[in-house]
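Enquirer: Data: coords18.txt, compact mmCIF, C-alpha atoms and all ligand atoms.
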# COMPACT_ATOMS: atom_id res chain seq x y z
CA MET P 1 0.00 0.00 0.00
CA SER P 2 1.64 3.22 -1.09
CA ASP P 3 -1.08 5.79 -0.50
CA THR P 4 -0.32 8.33 2.16
CA THR P 5 -2.71 7.88 5.05
CA MET P 6 -3.37 10.72 7.43
CA SER P 7 -3.42 8.71 10.61
CA LEU P 8 -1.13 6.49 12.63
CA ALA P 9 -4.09 4.53 14.01
CA GLY P 10 -3.04 0.96 14.66
CA LYS P 11 0.60 1.57 13.68
CA ARG P 12 3.47 0.57 15.96
CA VAL P 13 5.86 3.45 16.56
CA VAL P 14 9.23 3.09 18.32
CA LEU P 15 10.91 6.23 19.68
CA ILE P 16 14.54 6.01 20.74
CA GLY P 17 15.13 9.09 22.84
CA GLY P 18 11.42 9.22 23.56
CA ALA P 19 11.71 9.69 27.31
CA SER P 20 12.06 13.46 27.07
CA GLY P 21 12.12 16.54 24.89
CA ILE P 22 11.38 16.24 21.20
CA GLY P 23 11.11 12.44 21.36
CA PHE P 24 8.50 12.59 24.09
CA ALA P 25 6.49 15.07 22.02
CA VAL P 26 6.65 12.65 19.07
CA ALA P 27 5.43 9.93 21.41
CA ALA P 28 2.52 12.10 22.54
CA LEU P 29 1.54 13.10 18.99
CA SER P 30 1.81 9.51 17.73
CA ARG P 31 -0.31 8.31 20.63
CA ALA P 32 -2.88 11.03 19.92
CA GLN P 33 -3.03 9.68 16.36
CA GLY P 34 -3.88 6.22 17.67
CA ALA P 35 -0.45 4.59 17.38
CA GLU P 36 0.90 1.94 19.72
CA VAL P 37 3.98 3.67 21.12
CA LEU P 38 7.17 2.24 22.59
CA ILE P 39 9.27 4.81 24.43
CA ALA P 40 12.94 3.85 24.63
CA SER P 41 15.96 5.59 26.08
CA ARG P 42 19.03 4.95 28.16
CA ASN P 43 17.82 5.57 31.69
CA ALA P 44 15.22 3.13 33.10
CA ALA P 45 13.84 5.65 35.61
CA ASN P 46 13.34 8.25 32.86
CA VAL P 47 11.60 5.68 30.66
CA ALA P 48 9.30 4.66 33.53
CA ALA P 49 8.46 8.30 34.24
CA ALA P 50 7.66 8.94 30.56
CA VAL P 51 5.43 5.87 30.33
CA GLU P 52 3.65 7.01 33.48
CA ARG P 53 3.09 10.48 31.97
CA LEU P 54 1.75 9.19 28.66
CA SER P 55 -0.92 6.59 29.22
CA GLY P 56 -1.16 3.63 26.90
CA THR P 57 2.56 3.60 26.04
CA LYS P 58 5.17 0.95 26.77
CA GLY P 59 8.82 1.45 27.63
CA ALA P 60 12.21 -0.17 27.13
CA THR P 61 15.81 0.75 27.82
CA VAL P 62 18.58 0.85 25.26
CA ASP P 63 22.00 2.47 25.25
CA LEU P 64 22.82 3.57 21.70
CA ARG P 65 26.51 3.74 22.57
CA ASP P 66 26.58 -0.03 23.07
CA GLU P 67 25.89 -2.21 20.01
CA ALA P 68 25.11 -5.24 22.19
CA SER P 69 22.45 -3.20 23.98
CA VAL P 70 21.00 -2.08 20.64
CA SER P 71 21.02 -5.64 19.32
CA GLY P 72 19.30 -7.02 22.45
CA PHE P 73 16.73 -4.23 22.38
CA SER P 74 15.98 -4.89 18.69
CA GLN P 75 15.56 -8.63 19.23
CA ASN P 76 12.71 -7.91 21.63
CA LEU P 77 10.90 -5.44 19.38
CA GLY P 78 8.97 -7.60 16.93
CA ALA P 79 7.60 -6.10 13.74
CA PHE P 80 6.71 -2.41 13.80
CA ASP P 81 5.94 0.47 11.42
CA HIS P 82 7.94 3.57 12.26
CA LEU P 83 11.17 4.33 14.10
CA ALA P 84 12.22 7.83 15.13
CA ILE P 85 15.58 8.47 16.77
CA THR P 86 15.89 11.66 18.77
CA ALA P 87 18.50 10.45 21.25
CA GLY P 88 21.31 12.85 22.00
CA ASP P 89 23.46 13.72 24.96
CA TRP P 90 24.08 17.38 25.66
CA ASP P 91 27.82 17.33 26.38
CA GLY P 92 29.02 20.89 26.98
CA ARG P 93 32.54 19.90 25.91
CA LEU P 94 31.30 19.75 22.32
CA PHE P 95 30.46 23.44 22.35
CA ARG P 96 34.00 24.81 22.39
CA ALA P 97 36.10 26.74 19.94
CA THR P 98 38.41 24.68 17.75
CA GLN P 99 41.60 25.31 19.66
CA ASP P 100 39.95 24.52 23.01
CA LEU P 101 38.43 21.21 21.94
CA ASP P 102 38.91 18.04 23.93
CA LEU P 103 39.40 15.66 21.01
CA ALA P 104 38.42 12.57 22.99
CA ALA P 105 35.12 14.23 23.90
CA ALA P 106 34.79 15.38 20.28
CA ARG P 107 35.13 11.77 19.06
CA ASN P 108 32.64 10.59 21.67
CA GLY P 109 30.27 13.29 20.49
CA PHE P 110 29.46 11.14 17.48
CA ASP P 111 28.69 8.07 19.62
CA VAL P 112 25.00 8.59 20.28
CA ARG P 113 23.75 10.77 17.44
CA PHE P 114 25.74 9.23 14.56
CA TRP P 115 27.10 5.81 15.48
CA GLY P 116 24.17 5.13 17.80
CA ALA P 117 21.64 6.03 15.14
CA LEU P 118 23.46 3.80 12.65
CA ALA P 119 23.49 0.91 15.14
CA ALA P 120 19.74 1.30 15.66
CA VAL P 121 19.12 1.31 11.90
CA LYS P 122 21.44 -1.66 11.39
CA HIS P 123 19.65 -3.81 13.96
CA ALA P 124 16.06 -2.57 13.78
CA SER P 125 15.49 -1.75 10.11
CA ARG P 126 14.71 -5.35 9.19
CA LEU P 127 11.77 -5.20 11.60
CA VAL P 128 10.22 -2.12 10.00
CA ALA P 129 7.18 -2.70 7.76
CA ALA P 130 7.72 -2.37 4.01
CA ASN P 131 5.71 0.88 3.91
CA GLY P 132 7.18 2.09 7.18
CA SER P 133 9.85 4.66 7.91
CA ILE P 134 12.88 5.63 9.94
CA THR P 135 13.48 9.25 10.93
CA LEU P 136 16.77 10.56 12.31
CA THR P 137 17.60 13.94 13.82
CA SER P 138 20.14 16.56 12.77
CA GLY P 139 19.88 20.24 13.78
CA MET P 140 19.88 23.79 12.45
CA LEU P 141 23.55 24.25 13.35
CA THR P 142 24.33 21.79 10.56
CA HIS P 143 23.72 24.50 7.98
CA ARG P 144 23.89 27.58 10.17
CA PRO P 145 27.10 27.22 12.19
CA ARG P 146 28.01 29.66 14.92
CA ARG P 147 31.21 30.18 16.84
CA ALA P 148 32.10 27.15 18.97
CA THR P 149 29.44 24.92 17.43
CA LEU P 150 31.62 23.20 14.84
CA LEU P 151 31.05 19.75 16.31
CA ALA P 152 27.27 20.11 16.35
CA THR P 153 27.64 21.20 12.72
CA ALA P 154 29.84 18.21 11.90
CA ILE P 155 27.64 15.67 13.70
CA GLY P 156 24.48 17.02 12.07
CA GLY P 157 26.16 16.96 8.66
CA ALA P 158 27.23 13.35 9.19
CA VAL P 159 23.67 12.40 10.17
CA GLU P 160 22.20 14.14 7.11
CA SER P 161 24.64 12.41 4.78
CA LEU P 162 23.94 9.11 6.49
CA VAL P 163 20.23 9.59 5.79
CA ARG P 164 20.90 10.07 2.09
CA GLY P 165 23.05 6.94 1.93
CA LEU P 166 20.60 4.84 3.95
CA ALA P 167 17.64 5.97 1.85
CA VAL P 168 19.27 4.42 -1.21
CA ASP P 169 20.79 1.42 0.53
CA LEU P 170 17.62 0.39 2.36
CA ALA P 171 15.07 1.40 -0.31
CA PRO P 172 12.14 0.98 -0.50
CA LEU P 173 12.25 1.51 3.25
CA ARG P 174 11.99 5.27 3.77
CA ILE P 175 14.70 7.10 5.72
CA ASN P 176 14.49 10.82 6.47
CA ALA P 177 15.65 13.30 9.08
CA VAL P 178 14.19 16.26 10.88
CA ARG P 179 16.47 19.28 11.27
CA PRO P 180 15.21 21.12 14.35
CA GLY P 181 16.07 24.70 15.13
CA LEU P 182 16.08 25.81 18.74
CA ILE P 183 13.30 23.78 20.38
CA LEU P 184 12.21 24.59 23.92
CA THR P 185 12.86 21.25 25.59
CA ASP P 186 13.84 21.06 29.27
CA HIS P 187 17.51 21.11 28.30
CA VAL P 188 17.11 24.21 26.18
CA LYS P 189 15.10 25.93 28.90
CA GLN P 190 18.20 25.67 31.10
CA MET P 191 20.18 27.78 28.64
CA PRO P 192 20.51 31.42 29.71
CA PRO P 193 17.75 33.48 28.03
CA ASP P 194 20.39 35.67 26.36
CA MET P 195 21.93 32.64 24.72
CA GLN P 196 18.53 31.39 23.59
CA ARG P 197 17.86 34.79 22.01
CA THR P 198 21.14 34.75 20.07
CA TYR P 199 20.11 31.47 18.45
CA VAL P 200 16.82 32.83 17.14
CA ALA P 201 17.66 36.48 16.51
CA GLY P 202 17.25 37.39 12.86
CA LEU P 203 15.14 34.37 11.96
CA PRO P 204 11.98 35.03 9.98
CA LEU P 205 10.23 33.52 13.02
CA PRO P 206 12.47 34.88 15.80
CA ARG P 207 11.53 32.53 18.61
CA ALA P 208 12.23 28.99 19.74
CA GLY P 209 9.92 26.24 18.55
CA SER P 210 7.88 24.00 20.79
CA PRO P 211 8.52 20.27 21.08
CA THR P 212 5.11 19.69 19.51
CA GLU P 213 6.03 21.86 16.50
CA ALA P 214 9.12 19.69 16.03
CA ALA P 215 7.15 16.48 16.60
CA THR P 216 4.74 17.35 13.80
CA ALA P 217 7.61 16.99 11.32
CA TYR P 218 8.44 13.46 12.49
CA VAL P 219 4.80 12.43 12.21
CA TYR P 220 4.57 13.96 8.72
CA LEU P 221 7.57 11.91 7.61
CA MET P 222 5.97 8.76 9.03
CA LEU P 223 2.70 9.45 7.20
CA ASN P 224 3.95 10.53 3.77
CA SER P 225 4.71 7.29 1.93
CA TYR P 226 6.38 9.07 -1.04
CA THR P 227 9.09 10.85 0.94
CA THR P 228 12.56 9.44 1.44
CA GLY P 229 16.13 10.73 1.74
CA GLN P 230 14.80 14.14 2.82
CA ILE P 231 15.86 16.54 5.52
CA LEU P 232 12.91 18.48 6.92
CA PRO P 233 13.81 21.70 8.73
CA VAL P 234 11.61 22.96 11.58
CA ASP P 235 13.66 26.01 12.37
CA GLY P 236 11.64 29.19 12.06
CA GLY P 237 13.07 29.78 8.58
CA GLY P 238 16.70 29.35 9.62
CA GLY P 239 17.65 28.18 6.15
CA LEU P 240 16.73 31.57 4.68
CA VAL P 241 19.09 33.84 6.59
N1 LIG U 1 16.21 20.90 21.48
C1 LIG U 1 16.84 21.56 20.51
O1 LIG U 1 16.83 22.80 20.45
C2 LIG U 1 17.57 20.78 19.44
C3 LIG U 1 18.01 21.48 18.32
C4 LIG U 1 18.69 20.80 17.31
C5 LIG U 1 18.92 19.44 17.44
N2 LIG U 1 18.49 18.79 18.57
C6 LIG U 1 18.76 17.36 18.68
O2 LIG U 1 17.52 16.71 18.84
C7 LIG U 1 17.68 15.58 19.69
C8 LIG U 1 16.67 15.67 20.82
O3 LIG U 1 16.90 16.86 21.56
P1 LIG U 1 16.10 17.10 22.93
O4 LIG U 1 16.24 18.53 23.27
O5 LIG U 1 14.75 16.50 22.82
O6 LIG U 1 16.99 16.26 23.94
P2 LIG U 1 16.63 15.56 25.33
O7 LIG U 1 15.38 16.11 25.93
O8 LIG U 1 17.87 15.58 26.15
O9 LIG U 1 16.32 14.06 24.94
C9 LIG U 1 17.34 13.22 24.56
C10 LIG U 1 16.92 11.79 24.79
O10 LIG U 1 18.01 10.98 24.34
C11 LIG U 1 18.15 9.92 25.25
N3 LIG U 1 19.52 9.41 25.20
C12 LIG U 1 20.67 10.07 25.51
N4 LIG U 1 21.72 9.25 25.38
C13 LIG U 1 21.22 8.06 24.97
C14 LIG U 1 21.82 6.82 24.68
N5 LIG U 1 23.13 6.61 24.78
N6 LIG U 1 21.01 5.79 24.29
C15 LIG U 1 19.66 5.96 24.20
N7 LIG U 1 19.04 7.11 24.48
C16 LIG U 1 19.82 8.15 24.87
C17 LIG U 1 17.81 10.51 26.60
O11 LIG U 1 17.48 9.43 27.42
P3 LIG U 1 17.57 9.41 29.04
O12 LIG U 1 16.67 10.52 29.48
O13 LIG U 1 17.05 8.08 29.38
O14 LIG U 1 19.02 9.63 29.38
C18 LIG U 1 16.64 11.42 26.24
O15 LIG U 1 15.44 10.69 26.30
C19 LIG U 1 19.14 15.59 20.14
O16 LIG U 1 19.87 14.74 19.31
C20 LIG U 1 19.56 17.02 19.92
O17 LIG U 1 20.95 17.12 19.68
C21 LIG U 1 17.81 19.42 19.55
Mind converting the file's structure to structure tokens?
Ligand SMILES: NC(=O)c1ccc[n+]([C@@H]2O[C@H](COP(=O)([O-])OP(=O)(O)OC[C@H]3O[C@@H](n4cnc5c(N)ncnc54)[C@H](OP(=O)(O)O)[C@@H]3O)[C@@H](O)[C@H]2O)c1
Expert:
Amino acid sequence: MSDTTMSLAGKRVVLIGGASGIGFAVAALSRAQGAEVLIASRNAANVAAAVERLSGTKGATVDLRDEASVSGFSQNLGAFDHLAITAGDWDGRLFRATQDLDLAAARNGFDVRFWGALAAVKHASRLVAANGSITLTSGMLTHRPRRATLLATAIGGAVESLVRGLAVDLAPLRINAVRPGLILTDHVKQMPPDMQRTYVAGLPLPRAGSPTEAATAYVYLMLNSYTTGQILPVDGGGGLV
């Protein structure tokens, strides 16, 4: 069946990174659309709290830095329809100017968002329905670098290129990414307001987005059965300036 349907009713949706932030908003929106939702992330207590907050969901733990963990997690999944990966660890050591970088931390910066995403796709893609989808996550800094964000730019670029390669390699399975701008998750709310403002100043929509605004893009990519290899920005027009 190739027609785009406008509902996730009855679909099984797996969200790695779903315990908080953007991933949790995708879980909530998918659930509201009638999907069966599995919330997965690294910390069991956070998963349990998320499942408690969002009734009708199930939870599981997985550490994307550990291929054995990803493999074990995938073996317990069974067939499902859509996978979204929003996992990421906010390591402040990645946000340093070039000459101040800790190169070990810089290497590790790829572990969750790039290598972890690839591990999840490697082990879980065979379980995804033929008309299903996988959605990864990059970020506005990929194409709008600022001072001391070069690693976020590099990691996002690697993820976006990975999506293009996977979309051809795993076709007809659909692989896309969402490129969020500044999204007001709990982590972002902890940033000083001045810093938040510098990220959105000059945008056509000069404010941060909500997790639900970001989540809408993931759900769109799940629903549209003729979209693959695409990067969907949700960034207040950040690509224009
Ligand atoms: N928010 C923004 O403004 C923004 C902008 C551009 C890009 N992004 C990217 O979008 C993604 C989501 O951002 P967010 O603000 O929603 O972050 P968040 O609230 O911190 O959520 C990240 C999730 O990733 C999970 N996670 C971390 N390490 C993991 C690991 N090794 N294995 C499995 N799960 C792991 C966390 O699980 P636990 O809670 O269990 O540790 C958490 O559920 C990140 O990749 C971020 O870089 C965000």
Enquirer: Report the centre and edge lengths, in Å to one decimal, of an axis-aligned box enclosing every atom of ligand LIG 1 (chain U) listed in the file, padded by 4 Å on each side, as JSON.
Expert:
{"center_x": 18.9, "center_y": 14.3, "center_z": 23.4, "size_x": 16.4, "size_y": 25.0, "size_z": 20.2}
Enquirer: List as a list in words the protein and nucleic acid residues near Gly109 (chain P), meaning an atom at most 12 Å away when only C-alpha atoms are counted, but skip any in the same chain fewer than 4 places from it.
Expert: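 Final neighbour list, sorted by chain and number: Arg65, Gly88, Asp89, Trp90, Asp91, Gly92, Arg93, Leu94, Phe95, Leu101, Asp102, Leu103, Ala104, Ala105, Arg113, Phe114, Trp115, Gly116, Leu150, Leu151, Ala152, Thr153, Ala154, Ile155, Gly156 and Ala158 of chain P.
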Enquirer: Return the single residue from P:Val37, P:Ala117, P:Ala28, P:Leu232 that is closest to Leu166 (chain P), with distances computed using only C-alpha atoms.
Expert: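 Looking at the shortest contact to Leu166 (chain P), the residue is P:Ala117.
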Enquirer: Interatomic distance between atom O5 of ligand LIG 1 (chain U) and CA of Ala130 (chain P)?
Expert: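 Distance between the two atoms: 27.6 Å.
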Enquirer: Could you report the residues within 8 Å of ligand LIG 1 (chain U), using all atoms listed in the file, as a VMD selection string?
Expert: chain P and resid 16 to 24 40 to 47 61 to 66 85 to 90 111 to 113 116 137 to 141 152 179 to 188 208 to 209 211
